[in-house]
Amino acid sequence: MYSSCPVCSHPDLMRQWEVDGYTIAKCRSCSLVFVQNKLTIEELSTYYASFEDDAYDSDNVECLTHYYRKLGDVIRERFPQPGKLLDVGCSRGWFLDTMNDWECHGNEITTNYGATARERFGDRIFIGPFDDYPLRENYFDVITLQDVFDHIRDPLPMLQKCLRLLRPGGMIAIKVHNISCFYARLTGSQFYAVIPPSHLFYYDKKTLALTLSNAGFQVVNSKFIGHLFKVKTIFLRLSRGNANTLHHRIYRALNNTAMGEFKFNKNLHDIITMIAVKPC
């Protein structure tokens with residue numbers, strides 16, 4: 001168990017919730033919310049060896065790509081000329097598909113997802129934990145972490161490694177769930193993103209900016225970028241990964257129906273995208 005905050009090192013922690021046998025704590029100093037249980041790399045690797053998320057099935061590519069293209073616009077606004085990009089937690093490589101004018105690299109811990117990405121990007125996809133990703137000092141122009149940073153067991157060392165991988169002036173883009181949004185405050189431990197051990201850290205704008213700053217980054221800005229969502233995905237998220245819930249049964253009933261496949265734009269400020277740079 002953590003005895004102090006893994007971001008600010010303050011020892012004053014309060015128990016926030018107990019969820020599925022995990023203790024979720026909040027730092028009284030910086031307000032970071034996180035799973036207090038310490039998981040090993042081996043435990044997480046075992047967990048992700050059989051990990052599946054229906055939101056990353058091929059029939060959801062259009063919804064995912066809606067966000068990917070918006071993030072690509074943010075990157076190209078800062079870097080008009082293509083460079084070298086690393087997507088950590090690249091899943092099946094669909095974001096990299098939208099950045100095909102760049103030299104694209106990926107890291108994925110889940111073997112079957114990474115194997116799909118490798119079919120298109122070859123050896124530029126590294127399958128395994130980011131701790132084992134080869135260190136190339138000052139190599140990348142951009143590193144992205146989309147729906148992955150809240151899965152990471154030790155955020156500061158990971159960001160410090162990203163800092164070394166980036167060239168001076170390089171950019172990091174991190175997308176995480178916002179534990180301080182109105183919906184999260186309304187639902188508490190039932191917030192759809194509170195799913196240990198999949199999500200280990202629960203950030204908001206303040207704590208994510210602090211984490212980046214403590215790792216040596218300079219925060220540029222943050223955005224609430226909307227997503228394209230299917231009706232059935234609402235119930236998938238509300239099920240919080242539990243196939244035995246009523247929400248998951250509704251999701252299965254809606255799957256492959258016209259109502260379930262209906263798409264709409266969603267922006268509850270429940271997702272933060274934060275941009276930071278490596279100082280020159």
# chains A, B, ... in the order shown; residues from 1 in each chain; ligands from 1
>>> residues_around(residues="region 232-237 of chain A", least_positions_apart="2", cutoff="12 Å", atoms="only C-alpha atoms", output="PDB file with C-alpha atoms, in the first residue's frame")
ATOM      1  CA  ASP A  53     -12.685  -3.730 -24.230  1.00  0.00           C
ATOM      2  CA  ASP A  54     -15.649  -3.783 -26.590  1.00  0.00           C
ATOM      3  CA  ALA A  55     -15.157  -0.062 -27.256  1.00  0.00           C
ATOM      4  CA  TYR A  56     -11.984  -1.036 -29.160  1.00  0.00           C
ATOM      5  CA  ASP A  57     -13.725  -3.521 -31.441  1.00  0.00           C
ATOM      6  CA  ASP A  59     -17.164  -1.738 -35.328  1.00  0.00           C
ATOM      7  CA  ASN A  60     -16.328   1.274 -33.133  1.00  0.00           C
ATOM      8  CA  CYS A  63     -16.321   6.790 -33.105  1.00  0.00           C
ATOM      9  CA  LEU A  64     -12.706   6.459 -31.975  1.00  0.00           C
ATOM     10  CA  GLN A 190     -20.089   4.511  -9.259  1.00  0.00           C
ATOM     11  CA  PHE A 191     -18.496   6.818 -11.839  1.00  0.00           C
ATOM     12  CA  TYR A 192     -17.997   4.677 -14.937  1.00  0.00           C
ATOM     13  CA  ALA A 193     -14.202   5.220 -14.917  1.00  0.00           C
ATOM     14  CA  VAL A 194     -13.695   3.946 -11.343  1.00  0.00           C
ATOM     15  CA  ILE A 195     -12.744   0.406 -12.343  1.00  0.00           C
ATOM     16  CA  HIS A 227     -16.450  12.268 -28.585  1.00  0.00           C
ATOM     17  CA  LEU A 228     -18.705  10.470 -31.027  1.00  0.00           C
ATOM     18  CA  PHE A 229     -20.653   7.909 -29.028  1.00  0.00           C
ATOM     19  CA  LYS A 230     -23.022   5.037 -29.771  1.00  0.00           C
ATOM     20  CA  SER A 239     -21.664  -1.672 -16.611  1.00  0.00           C
ATOM     21  CA  ARG A 240     -18.072  -0.813 -15.574  1.00  0.00           C
ATOM     22  CA  GLY A 241     -16.774  -4.051 -17.082  1.00  0.00           C
ATOM     23  CA  ASN A 242     -19.172  -6.339 -15.204  1.00  0.00           C
ATOM     24  CA  ALA A 243     -20.966  -8.631 -17.662  1.00  0.00           C
ATOM     25  CA  ASN A 244     -23.486  -9.678 -14.987  1.00  0.00           C
ATOM     26  CA  THR A 245     -25.043  -6.224 -14.542  1.00  0.00           C
ATOM     27  CA  LEU A 246     -28.366  -5.008 -15.942  1.00  0.00           C
ATOM     28  CA  HIS A 247     -26.465  -2.313 -17.878  1.00  0.00           C
ATOM     29  CA  HIS A 248     -24.365  -4.946 -19.637  1.00  0.00           C
ATOM     30  CA  ARG A 249     -27.462  -6.978 -20.514  1.00  0.00           C
ATOM     31  CA  ILE A 250     -29.007  -3.858 -22.048  1.00  0.00           C
ATOM     32  CA  TYR A 251     -25.755  -3.289 -23.967  1.00  0.00           C
ATOM     33  CA  ARG A 252     -25.893  -6.827 -25.372  1.00  0.00           C
ATOM     34  CA  ALA A 253     -29.562  -6.404 -26.291  1.00  0.00           C
ATOM     35  CA  LEU A 254     -28.783  -3.159 -28.148  1.00  0.00           C
ATOM     36  CA  ASN A 255     -25.728  -4.565 -29.911  1.00  0.00           C
ATOM     37  CA  ASN A 256     -26.194  -4.674 -33.699  1.00  0.00           C
ATOM     38  CA  THR A 257     -29.549  -2.890 -33.516  1.00  0.00           C
ATOM     39  CA  ALA A 258     -30.331   0.425 -35.213  1.00  0.00           C
ATOM     40  CA  MET A 259     -30.991   2.072 -31.836  1.00  0.00           C
ATOM     41  CA  GLY A 260     -27.788   0.719 -30.309  1.00  0.00           C
ATOM     42  CA  GLU A 261     -25.700   1.831 -33.274  1.00  0.00           C
ATOM     43  CA  PHE A 262     -27.126   5.380 -33.308  1.00  0.00           C
ATOM     44  CA  LYS A 263     -24.282   7.915 -32.886  1.00  0.00           C
ATOM     45  CA  PHE A 264     -24.296  11.272 -31.110  1.00  0.00           C
ATOM     46  CA  LYS A 266     -20.904  13.595 -26.209  1.00  0.00           C
TER      47      LYS A 266
END
>>> residues_around(residues="Tyr203 (chain A)", least_positions_apart="5", cutoff="6 Å", atoms="only C-alpha atoms", output="JSON, numbers by chain")
{"A": [178, 179, 208]}
>>> closest_atom_pairs(of="region 5-92 of chain A", to="region 274-279 of chain A", cutoff="12 Å", atoms="only C-alpha atoms", output="tab-separated table")
residue	atom	partner	partner_atom	distance
A:Leu71	CA	A:Ile275	CA	10.2
A:Val74	CA	A:Ile275	CA	9.1
A:Ile75	CA	A:Ile275	CA	9.4
A:Arg78	CA	A:Ile275	CA	10.6
>>> atom_distance(atom1="CA of Pro80 (chain A)", atom2="CA of Met99 (chain A)")
12.4 Å
>>> residues_around(residues="region 147-153 of chain A", least_positions_apart="4", cutoff="6 Å", atoms="only C-alpha atoms", output="list in words")
Gly89, Lys175, Val176, Ser198, His199, Leu200 and Phe201 of chain A
>>> write_last_selection(atoms="N, CA and C atoms", output="PDB file, in the first residue's frame")
ATOM      1  N   GLY A  89       0.223   2.853 -25.520  1.00  0.00           N
ATOM      2  CA  GLY A  89      -1.109   2.270 -25.391  1.00  0.00           C
ATOM      3  C   GLY A  89      -1.847   2.394 -26.702  1.00  0.00           C
ATOM      4  N   LYS A 175      -4.649  12.000 -22.544  1.00  0.00           N
ATOM      5  CA  LYS A 175      -6.113  11.974 -22.430  1.00  0.00           C
ATOM      6  C   LYS A 175      -6.502  11.051 -21.280  1.00  0.00           C
ATOM      7  N   VAL A 176      -7.232  11.605 -20.299  1.00  0.00           N
ATOM      8  CA  VAL A 176      -7.674  10.824 -19.139  1.00  0.00           C
ATOM      9  C   VAL A 176      -9.103  11.212 -18.784  1.00  0.00           C
ATOM     10  N   SER A 198      -8.094  -1.803 -13.574  1.00  0.00           N
ATOM     11  CA  SER A 198      -7.864  -1.246 -14.902  1.00  0.00           C
ATOM     12  C   SER A 198      -7.415   0.212 -14.794  1.00  0.00           C
ATOM     13  N   HIS A 199      -8.178   1.019 -14.087  1.00  0.00           N
ATOM     14  CA  HIS A 199      -7.776   2.411 -13.837  1.00  0.00           C
ATOM     15  C   HIS A 199      -7.221   2.517 -12.422  1.00  0.00           C
ATOM     16  N   LEU A 200      -5.996   2.985 -12.321  1.00  0.00           N
ATOM     17  CA  LEU A 200      -5.309   3.081 -11.033  1.00  0.00           C
ATOM     18  C   LEU A 200      -5.226   4.507 -10.515  1.00  0.00           C
ATOM     19  N   PHE A 201      -5.323   5.499 -11.409  1.00  0.00           N
ATOM     20  CA  PHE A 201      -5.256   6.912 -11.031  1.00  0.00           C
ATOM     21  C   PHE A 201      -6.448   7.642 -11.626  1.00  0.00           C
TER      22      PHE A 201
END
>>> select_by_dssp(residues="region 24-139 of chain A", states="alpha helix (DSSP H)", output="short mmCIF file (atom, residue, chain, number, x, y, z; two decimals) with N, CA, C and O atoms, in the first residue's frame")
data_model
loop_
_atom_site.label_atom_id
_atom_site.label_comp_id
_atom_site.auth_asym_id
_atom_site.auth_seq_id
_atom_site.Cartn_x
_atom_site.Cartn_y
_atom_site.Cartn_z
N ILE A 41 4.33 -5.01 -11.91
CA ILE A 41 4.27 -5.10 -13.36
C ILE A 41 3.75 -6.47 -13.78
O ILE A 41 2.96 -6.60 -14.72
N GLU A 42 4.15 -7.51 -13.05
CA GLU A 42 3.73 -8.87 -13.38
C GLU A 42 2.22 -9.02 -13.20
O GLU A 42 1.55 -9.65 -14.03
N GLU A 43 1.68 -8.45 -12.13
CA GLU A 43 0.23 -8.53 -11.90
C GLU A 43 -0.54 -7.82 -13.02
O GLU A 43 -1.55 -8.33 -13.51
N LEU A 44 -0.05 -6.65 -13.41
CA LEU A 44 -0.73 -5.91 -14.47
C LEU A 44 -0.59 -6.61 -15.82
O LEU A 44 -1.53 -6.65 -16.61
N SER A 45 0.60 -7.18 -16.09
CA SER A 45 0.80 -7.89 -17.35
C SER A 45 -0.14 -9.09 -17.44
O SER A 45 -0.71 -9.37 -18.51
N THR A 46 -0.33 -9.79 -16.33
CA THR A 46 -1.26 -10.92 -16.30
C THR A 46 -2.68 -10.45 -16.54
O THR A 46 -3.44 -11.08 -17.30
N TYR A 47 -3.04 -9.34 -15.91
CA TYR A 47 -4.39 -8.79 -16.08
C TYR A 47 -4.65 -8.42 -17.54
O TYR A 47 -5.69 -8.76 -18.11
N TYR A 48 -3.69 -7.75 -18.17
CA TYR A 48 -3.89 -7.28 -19.54
C TYR A 48 -3.68 -8.37 -20.59
O TYR A 48 -4.03 -8.18 -21.75
N ALA A 49 -3.13 -9.51 -20.18
CA ALA A 49 -2.94 -10.61 -21.14
C ALA A 49 -4.27 -11.08 -21.72
O ALA A 49 -4.34 -11.51 -22.87
N VAL A 61 -14.59 1.83 -34.75
CA VAL A 61 -13.47 2.62 -35.27
C VAL A 61 -13.92 4.04 -35.62
O VAL A 61 -13.21 5.01 -35.35
N GLU A 62 -15.10 4.17 -36.22
CA GLU A 62 -15.56 5.51 -36.62
C GLU A 62 -15.66 6.45 -35.43
O GLU A 62 -15.25 7.61 -35.50
N CYS A 63 -16.20 5.95 -34.31
CA CYS A 63 -16.32 6.79 -33.11
C CYS A 63 -14.95 7.15 -32.55
O CYS A 63 -14.70 8.31 -32.18
N LEU A 64 -14.05 6.19 -32.48
CA LEU A 64 -12.71 6.46 -31.97
C LEU A 64 -11.98 7.45 -32.87
O LEU A 64 -11.30 8.37 -32.39
N THR A 65 -12.13 7.26 -34.18
CA THR A 65 -11.42 8.12 -35.13
C THR A 65 -11.90 9.56 -35.06
O THR A 65 -11.14 10.49 -35.35
N HIS A 66 -13.13 9.77 -34.66
CA HIS A 66 -13.67 11.14 -34.49
C HIS A 66 -12.77 11.93 -33.54
O HIS A 66 -12.41 13.08 -33.81
N TYR A 67 -12.38 11.31 -32.41
CA TYR A 67 -11.47 11.97 -31.47
C TYR A 67 -10.05 12.01 -32.02
O TYR A 67 -9.35 13.03 -31.90
N TYR A 68 -9.61 10.91 -32.62
CA TYR A 68 -8.24 10.85 -33.13
C TYR A 68 -7.95 11.99 -34.11
O TYR A 68 -6.88 12.60 -34.08
N ARG A 69 -8.90 12.29 -34.96
CA ARG A 69 -8.68 13.35 -35.95
C ARG A 69 -8.60 14.72 -35.28
O ARG A 69 -7.82 15.58 -35.70
N LYS A 70 -9.38 14.92 -34.23
CA LYS A 70 -9.30 16.19 -33.50
C LYS A 70 -7.96 16.33 -32.80
O LYS A 70 -7.36 17.41 -32.79
N LEU A 71 -7.46 15.24 -32.22
CA LEU A 71 -6.14 15.28 -31.60
C LEU A 71 -5.07 15.50 -32.67
O LEU A 71 -4.11 16.26 -32.45
N GLY A 72 -5.22 14.87 -33.82
CA GLY A 72 -4.28 15.08 -34.92
C GLY A 72 -4.23 16.54 -35.34
O GLY A 72 -3.15 17.06 -35.65
N ASP A 73 -5.39 17.22 -35.33
CA ASP A 73 -5.41 18.65 -35.67
C ASP A 73 -4.60 19.46 -34.66
O ASP A 73 -3.89 20.40 -35.03
N VAL A 74 -4.71 19.10 -33.37
CA VAL A 74 -3.96 19.79 -32.32
C VAL A 74 -2.45 19.60 -32.55
O VAL A 74 -1.66 20.55 -32.44
N ILE A 75 -2.06 18.37 -32.89
CA ILE A 75 -0.64 18.07 -33.12
C ILE A 75 -0.13 18.83 -34.34
O ILE A 75 0.94 19.47 -34.30
N ARG A 76 -0.88 18.79 -35.44
CA ARG A 76 -0.42 19.43 -36.68
C ARG A 76 -0.42 20.96 -36.56
O ARG A 76 0.34 21.62 -37.26
N GLU A 77 -1.24 21.50 -35.69
CA GLU A 77 -1.21 22.95 -35.46
C GLU A 77 0.13 23.37 -34.86
O GLU A 77 0.67 24.42 -35.19
N ARG A 78 0.67 22.50 -33.99
CA ARG A 78 1.95 22.81 -33.35
C ARG A 78 3.13 22.37 -34.21
O ARG A 78 4.20 22.97 -34.18
N TRP A 94 -5.17 2.33 -34.49
CA TRP A 94 -6.09 3.15 -35.28
C TRP A 94 -5.74 4.63 -35.25
O TRP A 94 -5.95 5.34 -36.23
N PHE A 95 -5.23 5.13 -34.12
CA PHE A 95 -4.79 6.53 -34.11
C PHE A 95 -3.61 6.71 -35.07
O PHE A 95 -3.54 7.70 -35.81
N LEU A 96 -2.69 5.78 -35.08
CA LEU A 96 -1.54 5.87 -35.97
C LEU A 96 -1.99 5.87 -37.43
O LEU A 96 -1.36 6.52 -38.28
N ASP A 97 -3.08 5.18 -37.74
CA ASP A 97 -3.61 5.20 -39.11
C ASP A 97 -3.97 6.61 -39.56
O ASP A 97 -3.84 6.96 -40.74
N THR A 98 -4.44 7.44 -38.60
CA THR A 98 -4.83 8.81 -38.96
C THR A 98 -3.63 9.74 -39.05
O THR A 98 -3.77 10.88 -39.49
N THR A 111 -1.37 -8.21 -25.90
CA THR A 111 -0.73 -8.91 -27.02
C THR A 111 -1.59 -8.91 -28.28
O THR A 111 -1.09 -8.61 -29.38
N ASN A 112 -2.89 -9.21 -28.16
CA ASN A 112 -3.70 -9.31 -29.37
C ASN A 112 -3.91 -7.95 -30.02
O ASN A 112 -3.92 -7.83 -31.25
N TYR A 113 -4.06 -6.90 -29.21
CA TYR A 113 -4.18 -5.56 -29.79
C TYR A 113 -2.88 -5.19 -30.51
O TYR A 113 -2.89 -4.68 -31.64
N GLY A 114 -1.75 -5.40 -29.82
CA GLY A 114 -0.46 -5.05 -30.41
C GLY A 114 -0.17 -5.81 -31.69
O GLY A 114 0.41 -5.26 -32.63
N ALA A 115 -0.59 -7.08 -31.74
CA ALA A 115 -0.37 -7.89 -32.93
C ALA A 115 -1.13 -7.31 -34.13
O ALA A 115 -0.62 -7.31 -35.26
N THR A 116 -2.34 -6.79 -33.90
CA THR A 116 -3.10 -6.17 -34.98
C THR A 116 -2.38 -4.92 -35.49
O THR A 116 -2.30 -4.70 -36.70
N ALA A 117 -1.86 -4.10 -34.57
CA ALA A 117 -1.12 -2.90 -34.98
C ALA A 117 0.14 -3.27 -35.74
O ALA A 117 0.52 -2.60 -36.71
N ARG A 118 0.79 -4.35 -35.35
CA ARG A 118 2.03 -4.77 -36.01
C ARG A 118 1.81 -5.20 -37.46
O ARG A 118 2.72 -5.13 -38.28
N GLU A 119 0.60 -5.64 -37.77
CA GLU A 119 0.31 -6.04 -39.15
C GLU A 119 0.50 -4.87 -40.11
O GLU A 119 0.82 -5.08 -41.28
N ARG A 120 0.33 -3.64 -39.60
CA ARG A 120 0.46 -2.46 -40.47
C ARG A 120 1.73 -1.68 -40.22
O ARG A 120 2.26 -1.03 -41.12
N PHE A 121 2.25 -1.72 -38.99
CA PHE A 121 3.38 -0.87 -38.64
C PHE A 121 4.65 -1.66 -38.30
O PHE A 121 5.67 -1.07 -37.98
#
>>> residues_around(residues="Leu13 (chain A)", least_positions_apart="2", cutoff="7 Å", atoms="only C-alpha atoms", output="PyMOL selection string")
chain A and resi 4+11+15+25-28
>>> write_last_selection(atoms="all heavy atoms", output="PDB file, in the first residue's frame")
ATOM      1  N   SER A   4       2.285   7.296   1.103  1.00  0.00           N
ATOM      2  CA  SER A   4       2.311   8.723   0.769  1.00  0.00           C
ATOM      3  C   SER A   4       1.854   8.888  -0.680  1.00  0.00           C
ATOM      4  O   SER A   4       1.803   7.918  -1.441  1.00  0.00           O
ATOM      5  CB  SER A   4       3.708   9.313   0.960  1.00  0.00           C
ATOM      6  OG  SER A   4       4.643   8.675   0.118  1.00  0.00           O
ATOM      7  N   PRO A  11       2.282  12.624   3.064  1.00  0.00           N
ATOM      8  CA  PRO A  11       1.841  11.394   3.735  1.00  0.00           C
ATOM      9  C   PRO A  11       0.380  11.405   4.179  1.00  0.00           C
ATOM     10  O   PRO A  11      -0.126  10.370   4.642  1.00  0.00           O
ATOM     11  CB  PRO A  11       2.764  11.325   4.951  1.00  0.00           C
ATOM     12  CG  PRO A  11       3.055  12.757   5.266  1.00  0.00           C
ATOM     13  CD  PRO A  11       3.105  13.472   3.945  1.00  0.00           C
ATOM     14  N   ARG A  15      -9.000   7.735   3.047  1.00  0.00           N
ATOM     15  CA  ARG A  15      -9.662   6.679   2.289  1.00  0.00           C
ATOM     16  C   ARG A  15     -10.911   7.259   1.638  1.00  0.00           C
ATOM     17  O   ARG A  15     -11.781   7.802   2.314  1.00  0.00           O
ATOM     18  CB  ARG A  15     -10.020   5.519   3.211  1.00  0.00           C
ATOM     19  CG  ARG A  15     -10.683   4.362   2.499  1.00  0.00           C
ATOM     20  CD  ARG A  15     -10.848   3.163   3.392  1.00  0.00           C
ATOM     21  NE  ARG A  15      -9.559   2.628   3.815  1.00  0.00           N
ATOM     22  CZ  ARG A  15      -9.411   1.526   4.556  1.00  0.00           C
ATOM     23  NH1 ARG A  15     -10.479   0.856   4.945  1.00  0.00           N
ATOM     24  NH2 ARG A  15      -8.217   1.111   4.897  1.00  0.00           N
ATOM     25  N   ALA A  25      -7.756   6.047  -2.473  1.00  0.00           N
ATOM     26  CA  ALA A  25      -7.394   7.097  -1.525  1.00  0.00           C
ATOM     27  C   ALA A  25      -7.351   8.455  -2.203  1.00  0.00           C
ATOM     28  O   ALA A  25      -7.277   8.551  -3.432  1.00  0.00           O
ATOM     29  CB  ALA A  25      -6.039   6.782  -0.890  1.00  0.00           C
ATOM     30  N   LYS A  26      -7.373   9.502  -1.383  1.00  0.00           N
ATOM     31  CA  LYS A  26      -7.231  10.875  -1.879  1.00  0.00           C
ATOM     32  C   LYS A  26      -6.183  11.579  -1.045  1.00  0.00           C
ATOM     33  O   LYS A  26      -6.189  11.499   0.184  1.00  0.00           O
ATOM     34  CB  LYS A  26      -8.567  11.620  -1.791  1.00  0.00           C
ATOM     35  CG  LYS A  26      -8.513  13.034  -2.361  1.00  0.00           C
ATOM     36  CD  LYS A  26      -9.902  13.660  -2.380  1.00  0.00           C
ATOM     37  CE  LYS A  26      -9.865  15.037  -3.038  1.00  0.00           C
ATOM     38  NZ  LYS A  26     -11.228  15.638  -3.133  1.00  0.00           N
ATOM     39  N   CYS A  27      -5.261  12.251  -1.724  1.00  0.00           N
ATOM     40  CA  CYS A  27      -4.219  13.005  -1.036  1.00  0.00           C
ATOM     41  C   CYS A  27      -4.825  14.309  -0.514  1.00  0.00           C
ATOM     42  O   CYS A  27      -5.410  15.077  -1.281  1.00  0.00           O
ATOM     43  CB  CYS A  27      -3.056  13.299  -1.984  1.00  0.00           C
ATOM     44  SG  CYS A  27      -1.782  14.360  -1.274  1.00  0.00           S
ATOM     45  N   ARG A  28      -4.672  14.565   0.771  1.00  0.00           N
ATOM     46  CA  ARG A  28      -5.233  15.784   1.359  1.00  0.00           C
ATOM     47  C   ARG A  28      -4.451  17.025   0.930  1.00  0.00           C
ATOM     48  O   ARG A  28      -4.947  18.141   1.056  1.00  0.00           O
ATOM     49  CB  ARG A  28      -5.240  15.684   2.878  1.00  0.00           C
ATOM     50  CG  ARG A  28      -6.190  14.635   3.455  1.00  0.00           C
ATOM     51  CD  ARG A  28      -6.180  14.700   4.970  1.00  0.00           C
ATOM     52  NE  ARG A  28      -6.910  13.603   5.577  1.00  0.00           N
ATOM     53  CZ  ARG A  28      -8.224  13.626   5.861  1.00  0.00           C
ATOM     54  NH1 ARG A  28      -8.920  14.696   5.555  1.00  0.00           N
ATOM     55  NH2 ARG A  28      -8.800  12.582   6.430  1.00  0.00           N
TER      56      ARG A  28
END
>>> closest_residue(among="A:His177, A:Lys38, A:Lys206, A:Arg164", to="His269 (chain A)", atoms="only C-alpha atoms")
A:His177
>>> select_by_dssp(residues="region 55-144 of chain A", states="strand (DSSP E)", output="NGL selection string")
:A and (84-88 or 103-108 or 125-127 or 140-144)
>>> residues_around(residues="Leu212 (chain A)", least_positions_apart="5", cutoff="9 Å", atoms="only C-alpha atoms", output="PDB file with N, CA and C atoms, in the first residue's frame")
ATOM      1  N   LEU A 156       4.997   9.129 -12.320  1.00  0.00           N
ATOM      2  CA  LEU A 156       6.147  10.029 -12.463  1.00  0.00           C
ATOM      3  C   LEU A 156       7.305   9.388 -13.226  1.00  0.00           C
ATOM      4  N   LEU A 159       6.458   9.387 -16.935  1.00  0.00           N
ATOM      5  CA  LEU A 159       6.579  10.686 -17.579  1.00  0.00           C
ATOM      6  C   LEU A 159       8.041  11.098 -17.725  1.00  0.00           C
ATOM      7  N   THR A 207      -4.589  18.016 -10.825  1.00  0.00           N
ATOM      8  CA  THR A 207      -3.642  16.953 -10.469  1.00  0.00           C
ATOM      9  C   THR A 207      -2.866  16.452 -11.680  1.00  0.00           C
ATOM     10  N   PHE A 217       7.810  18.586 -17.197  1.00  0.00           N
ATOM     11  CA  PHE A 217       7.143  19.147 -18.362  1.00  0.00           C
ATOM     12  C   PHE A 217       6.610  20.546 -18.080  1.00  0.00           C
ATOM     13  N   GLN A 218       6.417  21.280 -19.133  1.00  0.00           N
ATOM     14  CA  GLN A 218       5.758  22.586 -19.068  1.00  0.00           C
ATOM     15  C   GLN A 218       4.372  22.441 -19.687  1.00  0.00           C
ATOM     16  N   VAL A 219       3.339  22.616 -18.878  1.00  0.00           N
ATOM     17  CA  VAL A 219       1.970  22.459 -19.369  1.00  0.00           C
ATOM     18  C   VAL A 219       1.616  23.645 -20.257  1.00  0.00           C
ATOM     19  N   ALA A 276       1.474  19.266 -23.046  1.00  0.00           N
ATOM     20  CA  ALA A 276       2.653  19.802 -22.367  1.00  0.00           C
ATOM     21  C   ALA A 276       3.861  19.619 -23.270  1.00  0.00           C
TER      22      ALA A 276
END
>>> closest_residue(among="A:Asp270, A:Asp141, A:Asp204, A:Asp132", to="Phe224 (chain A)", atoms="only C-alpha atoms")
A:Asp270
>>> atom_distance(atom1="CA of Leu145 (chain A)", atom2="CA of Leu86 (chain A)")
8.8 Å
>>> closest_residue(among="A:Thr110, A:Asn100, A:Asn221, A:Ser213", to="Pro82 (chain A)", atoms="only C-alpha atoms")
A:Asn100
>>> residues_around(residues="Asn138 (chain A)", least_positions_apart="4", cutoff="7 Å", atoms="only C-alpha atoms", output="PyMOL selection string")
chain A and resi 164-168
>>> write_last_selection(atoms="C-alpha atoms", output="mmCIF file, in the first residue's frame")
data_model
loop_
_atom_site.group_PDB
_atom_site.id
_atom_site.type_symbol
_atom_site.label_atom_id
_atom_site.label_comp_id
_atom_site.auth_asym_id
_atom_site.auth_seq_id
_atom_site.Cartn_x
_atom_site.Cartn_y
_atom_site.Cartn_z
ATOM 1 C CA ARG A 164 13.931 11.554 -22.172
ATOM 2 C CA LEU A 165 12.343 10.080 -25.308
ATOM 3 C CA LEU A 166 11.162 13.505 -26.510
ATOM 4 C CA ARG A 167 13.426 15.993 -28.209
ATOM 5 C CA PRO A 168 13.664 19.482 -26.625
#
>>> atom_distance(atom1="CA of Ile172 (chain A)", atom2="CA of Asp87 (chain A)")
9.9 Å
>>> closest_residue(among="A:Phe51, A:Phe182, A:Tyr139, A:Tyr202", to="Lys84 (chain A)", atoms="only C-alpha atoms")
A:Tyr139
>>> closest_residue(among="A:Val19, A:Met14, A:Ile109, A:Val220", to="Leu32 (chain A)", atoms="only C-alpha atoms")
A:Met14
>>> closest_residue(among="A:Pro197, A:Asp154, A:Pro134, A:Ile125", to="Tyr2 (chain A)", atoms="only C-alpha atoms")
A:Asp154
